[in-house]
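See below for input.txt, which holds compact mmCIF, C-alpha atoms.
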```txt
# COMPACT_ATOMS: atom_id res chain seq x y z
CA MET A 1 55.76 23.56 -19.92
CA THR A 2 58.20 26.11 -21.33
CA PRO A 3 57.38 29.77 -20.53
CA VAL A 4 56.90 32.09 -23.49
CA ALA A 5 58.46 35.57 -23.56
CA ASN A 6 56.37 38.76 -23.19
CA THR A 7 53.44 37.03 -21.56
CA LYS A 8 52.33 36.79 -17.95
CA GLU A 9 52.72 33.18 -16.88
CA THR A 10 52.48 31.16 -13.70
CA VAL A 11 53.10 27.46 -13.14
CA PHE A 12 51.53 25.53 -10.28
CA SER A 13 53.40 22.26 -9.82
CA ASN A 14 53.13 19.05 -7.79
CA ALA A 15 49.43 19.57 -7.12
CA ARG A 16 46.52 17.17 -6.85
CA ILE A 17 44.48 18.74 -9.64
CA VAL A 18 40.74 18.17 -9.28
CA LEU A 19 39.29 17.83 -12.77
CA GLU A 20 35.62 17.16 -13.51
CA ASP A 21 35.94 13.37 -13.45
CA GLU A 22 39.32 12.60 -11.91
CA ILE A 23 42.21 13.82 -9.78
CA VAL A 24 45.55 14.18 -11.56
CA GLU A 25 48.89 14.71 -9.84
CA GLY A 26 50.74 17.25 -11.92
CA SER A 27 51.09 20.88 -12.99
CA VAL A 28 48.98 23.68 -14.46
CA LEU A 29 50.29 26.48 -16.64
CA VAL A 30 48.39 29.79 -16.47
CA ARG A 31 48.98 32.34 -19.20
CA ASP A 32 47.41 35.81 -19.31
CA GLY A 33 44.63 34.89 -16.91
CA LYS A 34 43.62 31.63 -18.58
CA ILE A 35 44.52 27.98 -18.16
CA GLU A 36 47.00 27.17 -20.91
CA ASP A 37 48.09 23.62 -20.15
CA ILE A 38 47.62 20.72 -17.73
CA ALA A 39 50.35 18.10 -17.39
CA SER A 40 50.71 15.02 -15.20
CA GLY A 41 53.87 14.16 -13.30
CA SER A 42 56.24 16.03 -11.02
CA SER A 43 57.92 19.29 -11.96
CA ARG A 44 60.54 21.67 -10.62
CA LEU A 45 58.98 24.70 -12.29
CA GLY A 46 56.81 27.32 -10.61
CA GLU A 47 55.06 27.24 -7.26
CA ASP A 48 55.39 23.87 -5.54
CA PHE A 49 52.02 22.82 -4.10
CA GLU A 50 53.62 20.00 -2.11
CA GLY A 51 50.65 17.72 -2.81
CA ASP A 52 47.92 20.23 -1.94
CA TYR A 53 44.71 20.19 -3.97
CA LEU A 54 44.19 22.60 -6.85
CA ILE A 55 40.46 23.15 -7.44
CA PRO A 56 38.45 25.62 -9.53
CA GLY A 57 37.35 28.85 -7.86
CA LEU A 58 34.02 28.30 -6.14
CA VAL A 59 30.86 29.74 -7.70
CA GLU A 60 28.35 30.95 -5.09
CA LEU A 61 24.78 31.43 -6.33
CA HIS A 62 22.91 32.20 -3.11
CA THR A 63 24.34 34.00 -0.09
CA ASP A 64 22.64 36.36 2.35
CA HIS A 65 26.03 37.08 3.92
CA LEU A 66 26.22 40.69 2.70
CA GLU A 67 23.02 41.51 4.59
CA GLY A 68 24.68 40.56 7.87
CA HIS A 69 27.48 43.08 7.29
CA TYR A 70 25.13 45.83 6.10
CA SER A 71 22.58 45.34 8.88
CA PRO A 72 24.46 43.64 11.74
CA ARG A 73 21.73 44.54 14.27
CA PRO A 74 17.97 45.10 13.83
CA GLY A 75 17.39 48.61 12.51
CA LEU A 76 21.12 49.35 12.14
CA ARG A 77 22.68 50.18 8.76
CA TRP A 78 26.45 50.03 8.21
CA ASN A 79 28.43 51.95 5.60
CA LYS A 80 27.71 50.11 2.34
CA THR A 81 31.26 50.16 0.98
CA ALA A 82 32.70 48.94 4.26
CA ALA A 83 30.07 46.18 4.43
CA ILE A 84 30.81 45.09 0.86
CA GLN A 85 34.57 44.97 1.48
CA ALA A 86 34.15 42.91 4.66
CA HIS A 87 31.84 40.52 2.83
CA ASP A 88 34.22 40.26 -0.13
CA ALA A 89 37.21 39.49 2.10
CA GLN A 90 35.44 36.59 3.80
CA ILE A 91 34.07 35.31 0.50
CA VAL A 92 37.49 35.20 -1.20
CA THR A 93 39.34 33.59 1.69
CA SER A 94 36.69 30.85 1.60
CA GLY A 95 37.77 30.07 -1.98
CA ILE A 96 34.83 31.80 -3.69
CA THR A 97 35.87 33.69 -6.83
CA THR A 98 32.39 34.33 -8.28
CA VAL A 99 29.60 35.38 -5.93
CA PHE A 100 25.97 36.25 -6.57
CA ASP A 101 25.05 38.75 -3.87
CA CYS A 102 21.43 38.32 -2.80
CA LEU A 103 19.39 41.52 -2.69
CA ARG A 104 15.85 41.36 -1.33
CA MET A 105 12.94 42.62 -3.41
CA GLY A 106 9.62 43.25 -1.69
CA ALA A 107 9.03 44.41 1.88
CA ASP A 108 6.41 45.80 4.25
CA GLU A 109 6.39 47.32 7.70
CA ASP A 110 7.29 43.97 9.24
CA GLY A 111 10.61 43.44 7.52
CA GLY A 112 12.88 43.82 4.53
CA PHE A 113 14.47 46.98 3.18
CA GLU A 114 13.00 50.28 2.04
CA HIS A 115 12.33 50.92 -1.63
CA GLY A 116 15.57 52.05 -3.27
CA GLU A 117 17.83 50.65 -0.55
CA MET A 118 18.83 47.58 -2.54
CA ARG A 119 19.35 49.66 -5.68
CA ASP A 120 21.75 51.80 -3.68
CA MET A 121 23.53 48.65 -2.51
CA ALA A 122 23.88 47.39 -6.09
CA ASP A 123 25.31 50.77 -7.13
CA ALA A 124 27.79 50.56 -4.24
CA ILE A 125 28.89 47.06 -5.33
CA GLN A 126 29.48 48.23 -8.89
CA LYS A 127 31.31 51.36 -7.73
CA ALA A 128 33.54 49.25 -5.44
CA GLU A 129 34.39 47.01 -8.37
CA LYS A 130 35.32 49.96 -10.59
CA GLU A 131 37.53 51.35 -7.81
CA GLY A 132 39.42 48.05 -7.53
CA ARG A 133 38.19 47.31 -4.01
CA LEU A 134 36.89 43.80 -4.71
CA ARG A 135 38.77 40.55 -5.16
CA ALA A 136 35.93 38.22 -6.14
CA GLU A 137 33.65 38.87 -9.10
CA HIS A 138 30.31 40.10 -7.75
CA LEU A 139 27.07 39.54 -9.67
CA ILE A 140 23.51 40.10 -8.45
CA HIS A 141 20.80 37.66 -7.39
CA LEU A 142 17.42 39.33 -6.82
CA ARG A 143 15.37 37.45 -4.21
CA CYS A 144 11.78 38.40 -5.06
CA GLU A 145 9.15 37.96 -2.35
CA VAL A 146 6.29 37.43 -4.78
CA SER A 147 3.60 37.76 -2.10
CA ALA A 148 4.65 41.36 -1.31
CA ASP A 149 2.54 44.16 -2.76
CA ASN A 150 5.62 46.20 -3.74
CA VAL A 151 7.89 43.51 -5.20
CA LEU A 152 7.40 44.66 -8.80
CA GLN A 153 8.23 48.23 -7.80
CA HIS A 154 11.50 47.07 -6.23
CA PHE A 155 12.23 44.78 -9.19
CA ALA A 156 11.75 47.64 -11.65
CA ASP A 157 14.76 49.43 -10.09
CA PHE A 158 16.98 46.82 -11.79
CA GLU A 159 15.64 47.16 -15.31
CA ASN A 160 18.49 46.65 -17.81
CA ASP A 161 21.11 46.12 -15.06
CA PRO A 162 23.63 43.68 -16.64
CA TYR A 163 24.88 42.56 -13.22
CA VAL A 164 21.54 40.83 -12.55
CA ARG A 165 22.09 37.23 -13.68
CA LEU A 166 19.80 35.31 -11.31
CA VAL A 167 16.30 35.95 -9.91
CA SER A 168 14.53 33.75 -7.37
CA LEU A 169 10.77 33.53 -6.78
CA MET A 170 9.93 33.20 -3.08
CA ASP A 171 6.81 33.08 -0.94
CA HIS A 172 7.31 32.94 2.81
CA ALA A 173 3.61 33.08 3.73
CA PRO A 174 2.42 30.54 6.34
CA GLY A 175 1.31 27.22 4.91
CA GLN A 176 3.59 27.72 1.92
CA ARG A 177 6.85 26.06 0.98
CA GLN A 178 9.41 26.66 3.78
CA PHE A 179 6.68 27.14 6.36
CA GLN A 180 4.30 24.24 5.74
CA THR A 181 3.64 23.84 9.46
CA MET A 182 2.66 26.60 11.86
CA ASP A 183 5.21 25.39 14.43
CA GLN A 184 8.03 26.69 12.23
CA TYR A 185 6.20 29.91 11.44
CA ILE A 186 5.40 30.60 15.10
CA PHE A 187 9.07 30.26 16.01
CA TYR A 188 10.26 32.52 13.17
CA TYR A 189 7.67 35.25 13.46
CA GLN A 190 5.78 35.16 16.75
CA LYS A 191 8.47 34.17 19.25
CA LYS A 192 11.36 36.03 17.60
CA ARG A 193 9.28 39.22 17.27
CA GLY A 194 7.51 38.92 20.62
CA LEU A 195 4.01 39.14 19.14
CA THR A 196 0.92 38.44 21.22
CA ASP A 197 -1.50 35.79 19.99
CA ALA A 198 -3.85 38.47 18.67
CA GLU A 199 -1.04 40.34 16.92
CA PHE A 200 0.28 37.13 15.43
CA ALA A 201 -3.19 36.13 14.16
CA ARG A 202 -3.53 39.47 12.37
CA PHE A 203 0.00 39.08 10.97
CA VAL A 204 -0.80 35.60 9.61
CA ASP A 205 -4.11 36.70 8.09
CA ARG A 206 -2.41 39.58 6.30
CA ARG A 207 0.41 37.40 4.94
CA VAL A 208 -1.98 34.73 3.69
CA SER A 209 -4.15 37.36 2.01
CA GLU A 210 -1.11 38.93 0.32
CA SER A 211 0.05 35.55 -0.96
CA GLU A 212 -3.36 34.65 -2.37
CA ARG A 213 -3.61 38.03 -4.10
CA ASN A 214 -0.08 38.47 -5.40
CA SER A 215 1.90 35.28 -5.69
CA THR A 216 0.78 33.91 -9.05
CA PRO A 217 0.60 37.19 -11.03
CA HIS A 218 3.96 38.35 -9.65
CA ARG A 219 5.64 35.03 -10.51
CA VAL A 220 4.35 35.26 -14.07
CA ALA A 221 5.33 38.92 -14.51
CA ILE A 222 8.87 38.51 -13.15
CA SER A 223 9.50 35.28 -15.08
CA LYS A 224 8.42 36.97 -18.31
CA VAL A 225 10.93 39.79 -17.83
CA CYS A 226 13.70 37.29 -17.01
CA ALA A 227 12.97 35.26 -20.15
CA GLU A 228 13.20 38.42 -22.26
CA ARG A 229 16.52 39.43 -20.67
CA GLY A 230 18.13 35.98 -20.51
CA ILE A 231 18.23 35.92 -16.70
CA THR A 232 18.24 32.54 -14.94
CA VAL A 233 15.15 31.98 -12.78
CA ALA A 234 15.11 30.03 -9.51
CA SER A 235 12.15 28.77 -7.50
CA HIS A 236 12.54 28.85 -3.74
CA ASP A 237 11.43 26.22 -1.19
CA ASP A 238 9.25 24.13 -3.50
CA ALA A 239 7.42 21.50 -1.46
CA THR A 240 4.92 19.78 -3.77
CA LEU A 241 4.68 18.46 -7.31
CA ALA A 242 2.28 21.31 -8.04
CA HIS A 243 5.02 23.75 -7.07
CA VAL A 244 7.40 22.00 -9.49
CA ASP A 245 4.82 22.15 -12.28
CA GLU A 246 4.47 25.88 -11.64
CA ALA A 247 8.25 26.26 -11.77
CA ILE A 248 8.38 24.46 -15.13
CA GLU A 249 5.74 26.84 -16.51
CA ASN A 250 7.83 29.79 -15.30
CA GLY A 251 10.99 28.57 -17.03
CA VAL A 252 12.85 27.84 -13.78
CA ARG A 253 16.36 26.38 -14.13
CA LEU A 254 17.36 26.30 -10.44
CA ALA A 255 15.38 24.68 -7.63
CA GLU A 256 16.55 26.36 -4.42
CA PHE A 257 16.15 24.50 -1.13
CA PRO A 258 13.25 22.16 -2.02
CA THR A 259 11.60 21.12 1.23
CA SER A 260 10.57 17.58 0.24
CA PHE A 261 12.24 14.70 -1.54
CA ASP A 262 9.39 14.48 -4.08
CA ALA A 263 9.86 18.12 -5.10
CA ALA A 264 13.65 17.73 -5.32
CA LYS A 265 13.39 14.54 -7.41
CA ALA A 266 10.81 16.02 -9.79
CA SER A 267 12.88 19.19 -10.22
CA HIS A 268 16.03 17.18 -10.95
CA GLU A 269 14.23 14.91 -13.42
CA ASN A 270 12.85 17.95 -15.25
CA GLY A 271 16.31 19.37 -15.88
CA MET A 272 16.55 21.86 -13.03
CA SER A 273 19.67 22.06 -10.88
CA VAL A 274 18.69 21.25 -7.30
CA LEU A 275 20.43 23.57 -4.82
CA MET A 276 20.76 22.98 -1.09
CA GLY A 277 22.69 24.71 1.67
CA ALA A 278 26.26 23.73 2.44
CA PRO A 279 25.60 24.51 6.15
CA ASN A 280 22.91 21.82 5.94
CA ILE A 281 25.64 19.35 4.90
CA VAL A 282 28.03 20.48 7.63
CA ARG A 283 25.35 20.33 10.37
CA GLY A 284 23.74 17.18 9.01
CA LYS A 285 20.29 18.75 8.95
CA SER A 286 18.28 21.81 7.93
CA HIS A 287 18.12 24.74 10.37
CA SER A 288 14.37 25.04 9.65
CA GLY A 289 13.58 21.33 10.08
CA ASN A 290 13.16 20.47 6.39
CA ILE A 291 14.84 17.69 4.38
CA ALA A 292 18.57 17.07 4.91
CA ALA A 293 20.81 17.87 1.95
CA ARG A 294 22.86 14.74 2.58
CA ASP A 295 19.74 12.61 1.98
CA LEU A 296 19.35 14.21 -1.44
CA ALA A 297 23.03 13.61 -2.19
CA GLU A 298 22.71 9.93 -1.29
CA ARG A 299 19.65 9.61 -3.57
CA GLY A 300 21.40 11.30 -6.49
CA VAL A 301 19.26 14.44 -6.74
CA LEU A 302 21.61 17.09 -5.33
CA ASP A 303 23.33 19.23 -7.96
CA VAL A 304 24.49 22.52 -6.39
CA LEU A 305 25.55 23.71 -2.96
CA SER A 306 25.28 27.25 -1.61
CA SER A 307 27.02 28.71 1.42
CA ASP A 308 23.78 30.55 2.31
CA TYR A 309 24.84 32.17 5.61
CA VAL A 310 28.35 30.68 6.27
CA PRO A 311 30.86 31.32 3.43
CA LEU A 312 33.45 28.74 4.51
CA SER A 313 30.82 25.98 4.39
CA LEU A 314 31.02 26.06 0.58
CA LEU A 315 34.62 24.79 0.74
CA TYR A 316 34.02 22.37 3.63
CA ALA A 317 30.81 20.65 2.49
CA PRO A 318 32.05 18.94 -0.71
CA PHE A 319 34.90 17.29 1.17
CA LEU A 320 32.39 15.99 3.73
CA ILE A 321 30.12 14.65 0.99
CA ALA A 322 33.04 12.86 -0.66
CA ASP A 323 34.03 11.40 2.73
CA GLU A 324 30.56 10.24 3.75
CA VAL A 325 28.56 9.44 0.59
CA GLU A 326 29.98 6.36 -1.11
CA SER A 327 28.54 7.13 -4.54
CA ILE A 328 30.04 10.65 -4.72
CA SER A 329 33.73 11.14 -5.51
CA LEU A 330 35.62 14.31 -4.63
CA PRO A 331 35.55 15.56 -8.27
CA LYS A 332 31.77 15.06 -8.36
CA ALA A 333 31.35 16.86 -5.03
CA ILE A 334 33.60 19.75 -6.09
CA ALA A 335 31.48 20.10 -9.26
CA MET A 336 28.52 21.00 -7.00
CA VAL A 337 30.30 24.22 -6.02
CA THR A 338 32.07 24.95 -9.31
CA SER A 339 31.08 23.66 -12.75
CA THR A 340 27.40 22.89 -12.14
CA PRO A 341 26.46 26.28 -10.63
CA ALA A 342 28.48 28.01 -13.36
CA ARG A 343 26.63 26.13 -16.11
CA THR A 344 23.25 26.73 -14.46
CA VAL A 345 23.67 30.50 -14.83
CA SER A 346 25.42 30.24 -18.23
CA LEU A 347 28.90 31.23 -16.99
CA ASN A 348 30.63 28.79 -19.29
CA ASP A 349 34.07 30.41 -19.03
CA ARG A 350 34.75 29.17 -15.48
CA GLY A 351 34.08 26.44 -12.92
CA ARG A 352 36.46 23.83 -14.35
CA ILE A 353 40.20 23.30 -14.67
CA ALA A 354 40.38 23.00 -18.43
CA THR A 355 42.46 24.66 -21.12
CA GLY A 356 41.08 27.94 -22.38
CA LEU A 357 38.98 28.68 -19.29
CA ARG A 358 39.50 31.43 -16.73
CA ALA A 359 42.24 30.72 -14.22
CA ASP A 360 39.97 31.03 -11.18
CA LEU A 361 41.80 28.62 -8.88
CA VAL A 362 42.17 27.69 -5.22
CA ARG A 363 45.01 25.91 -3.44
CA VAL A 364 43.52 23.76 -0.69
CA PHE A 365 45.24 21.88 2.10
CA ARG A 366 43.16 19.14 3.63
CA ASP A 367 44.41 16.16 5.58
CA GLU A 368 41.21 15.69 7.54
CA GLY A 369 38.55 17.93 9.06
CA VAL A 370 38.09 21.50 7.87
CA PRO A 371 40.00 22.34 4.65
CA VAL A 372 42.20 25.44 4.41
CA SER A 373 42.33 27.68 1.34
CA ARG A 374 46.03 28.56 1.21
CA SER A 375 45.90 30.71 -1.93
CA VAL A 376 43.21 32.00 -4.30
CA TRP A 377 43.60 33.28 -7.87
CA ARG A 378 41.03 35.09 -9.99
CA GLU A 379 41.83 35.16 -13.70
CA GLY A 380 45.42 34.25 -12.86
CA ARG A 381 45.91 37.08 -10.37
CA ARG A 382 46.41 36.11 -6.74
CA VAL A 383 43.67 37.68 -4.61
CA ALA A 384 44.13 35.81 -1.31
```

Encoded form using structure tokens:
Amino acid sequence: MTPVANTKETVFSNARIVLEDEIVEGSVLVRDGKIEDIASGSSRLGEDFEGDYLIPGLVELHTDHLEGHYSPRPGLRWNKTAAIQAHDAQIVTSGITTVFDCLRMGADEDGGFEHGEMRDMADAIQKAEKEGRLRAEHLIHLRCEVSADNVLQHFADFENDPYVRLVSLMDHAPGQRQFQTMDQYIFYYQKKRGLTDAEFARFVDRRVSESERNSTPHRVAISKVCAERGITVASHDDATLAHVDEAIENGVRLAEFPTSFDAAKASHENGMSVLMGAPNIVRGKSHSGNIAARDLAERGVLDVLSSDYVPLSLLYAPFLIADEVESISLPKAIAMVTSTPARTVSLNDRGRIATGLRADLVRVFRDEGVPVSRSVWREGRRVA
């Protein structure tokens, strides 16, 4: 690996390089933001990794983490730029170089954000990027509550926005998908909100009525727009084979958090990438009592992991899977947070350590337990 004059080059040497199907001990040459060469064997050139892992930058498709910075307490709103920067800092130090920030579409008096609030947030993200405030690349994932009366009004605010690369179709009405049993729904909505039985009954009736009235036409309308604009569509919390059939009709490519093995298996077999939460892997179970992600991994129907609400879990979970699931190697587990999510949303210039691709890279130390991201590069530039 001989450096060439008048170009910006970096050499990472003596690393355990995690490729798509193997781990190679050697060096990587980065030139002008792209991976130029990969060589096996020891080297005295460049930055000595001392045997640390070199993995692709993580690609995060679904995180609600920004919401926690923007609204850290019920009813409280933080400065948007400050919230975005805090979110970005935690994302990057977790090894994530491409993040799809989830913005909620559809709300009523019981929750969500006001009309225009998420459009303002998207504008703030794009302004922060132009001002050089951000270290990861931020794209937009619109989470559309299809049962809400106003979801299409919120969705229309993002017409022709090139940052929107992923849209998910969700329905959180009782008896649907995530909340198939009333025990879960009572905990989430009655106990947490302190509703009386009469208030809760009225709340449930209204949500069921909204879902029956809106869900199907809103799914169809949003999916049609996404097909016209080349936006990847995800279906959220599918529980039954009928849900999967509906997803197929809507052109869904990503099955987010299926709540049953049958739905996950059918989605996988029909060419969708099955996404589950990395916190689910770390905890060993779902926080809402649904199927465990590790069970799907063991049965060969888990394709993508998402940090959901804990950014560092996206780096931790693949190492745990490789440790604990005999059929999954570390390269295959790392692909769940790099190459597979990138391909699912047609970002074919990243997610792998291969010549010609973007030099989005992470140096990881891991002997046992929680891994440490020691350094992070985005397009060859160190950002953490």

Shell around A:Leu103 at 9 Å using all atoms listed in the file, local window under 5 positions removed, as number ranges by chain | A: 64, 66-67, 118-119, 121-122, 140-144

Counting all atoms listed in the file, what is within 10 Å of stretch 298-303 of chain A, bar same-chain residues fewer than 3 positions away, as a count of residues only?
-> 31

From A:His172, A:Val164, A:Gly277, A:Leu315, residue lying nearest A:Ala297 [only C-alpha atoms] | A:Gly277

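With only C-alpha atoms as the basis for measurement, A:Val304 is the residue among A:Val282, A:Leu166, A:Ala242, A:Val304 that approaches A:Val59 most closely.
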
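Close contacts of A:Glu210, defined as residues with an atom at most 10 Å away when counting only C-alpha atoms, with chain neighbours fewer than 5 positions off set aside, comprise Val146, Ser147, Ala148, Asp149, Asp171, Ala173, Val204, Asp205 and Ser215 of chain A.
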
Nearest residue to A:Val376 from the set A:Ala354, A:Ile84, A:Leu361, A:Leu314 (distances using only C-alpha atoms) =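 Closest to A:Val376 of all the choices is A:Leu361.
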
Nearest candidate to A:Pro318 (options A:Thr338, A:Ser223, A:Asn14, A:Ser42; using all atoms listed in the file) =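 Closest to A:Pro318 of all the choices is A:Thr338.
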
Around (7.0, 38.7, -2.8) in the file's frame, which residues reach within 12 Å when counting all atoms listed in the file? Return as a PyMOL selection string?
-> chain A and resi 104-108+111-112+142-155+168-173+207-208+210-219+221-222+236

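With atom CA of A:Arg133 on one side and atom CA of A:Arg352 on the other, the separation reads 25.7 Å.
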
Extract, using all atoms listed in the file, all DNA, RNA and protein residues at most 10 Å from A:Pro371, discarding same-chain residues fewer than 6 positions from it, and format them as a PyMOL selection string.
-> chain A and resi 94+312-313+315-317+319-320+364-365

Given the choices A:Asp308, A:Asp48, A:Glu117, A:Glu379, which gets closest to A:His65 if the distance is worked out from only C-alpha atoms?
->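 Smallest separation from A:His65 among the options: A:Asp308.
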
Would you mind listing, for every residue of stretch 237-256 of chain A within 12 Å of stretch 225-231 of chain A, the two atoms forming the shortest contact and the distance between them in Å to one decimal, using all atoms listed in the file, sorted by chain and ascending residue number, as a Markdown table?
```
| residue | atom | partner | partner_atom | distance |
| --- | --- | --- | --- | --- |
| A:Glu249 | CA | A:Ala227 | CA | 11.7 |
| A:Asn250 | CA | A:Ala227 | CA | 8.9 |
| A:Gly251 | CA | A:Ala227 | CA | 7.6 |
| A:Val252 | CA | A:Ala227 | CA | 9.8 |
| A:Arg253 | CA | A:Ile231 | CA | 10.1 |
| A:Leu254 | CA | A:Ile231 | CA | 11.5 |
```

Since we have the selection now, will you write its residues out, keeping C-alpha atoms, as a short mmCIF file (atom, residue, chain, number, x, y, z; two decimals), in the coordinates of the input?
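The result, written out as out.cif:
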```
data_model
loop_
_atom_site.label_atom_id
_atom_site.label_comp_id
_atom_site.auth_asym_id
_atom_site.auth_seq_id
_atom_site.Cartn_x
_atom_site.Cartn_y
_atom_site.Cartn_z
CA GLU A 249 5.74 26.84 -16.51
CA ASN A 250 7.83 29.79 -15.30
CA GLY A 251 10.99 28.57 -17.03
CA VAL A 252 12.85 27.84 -13.78
CA ARG A 253 16.36 26.38 -14.13
CA LEU A 254 17.36 26.30 -10.44
#
```

Given all atoms listed in the file as the counted atoms, nearest of A:Trp78, A:Asn348, A:Glu22, A:Tyr309 to A:Asn280 = A:Tyr309
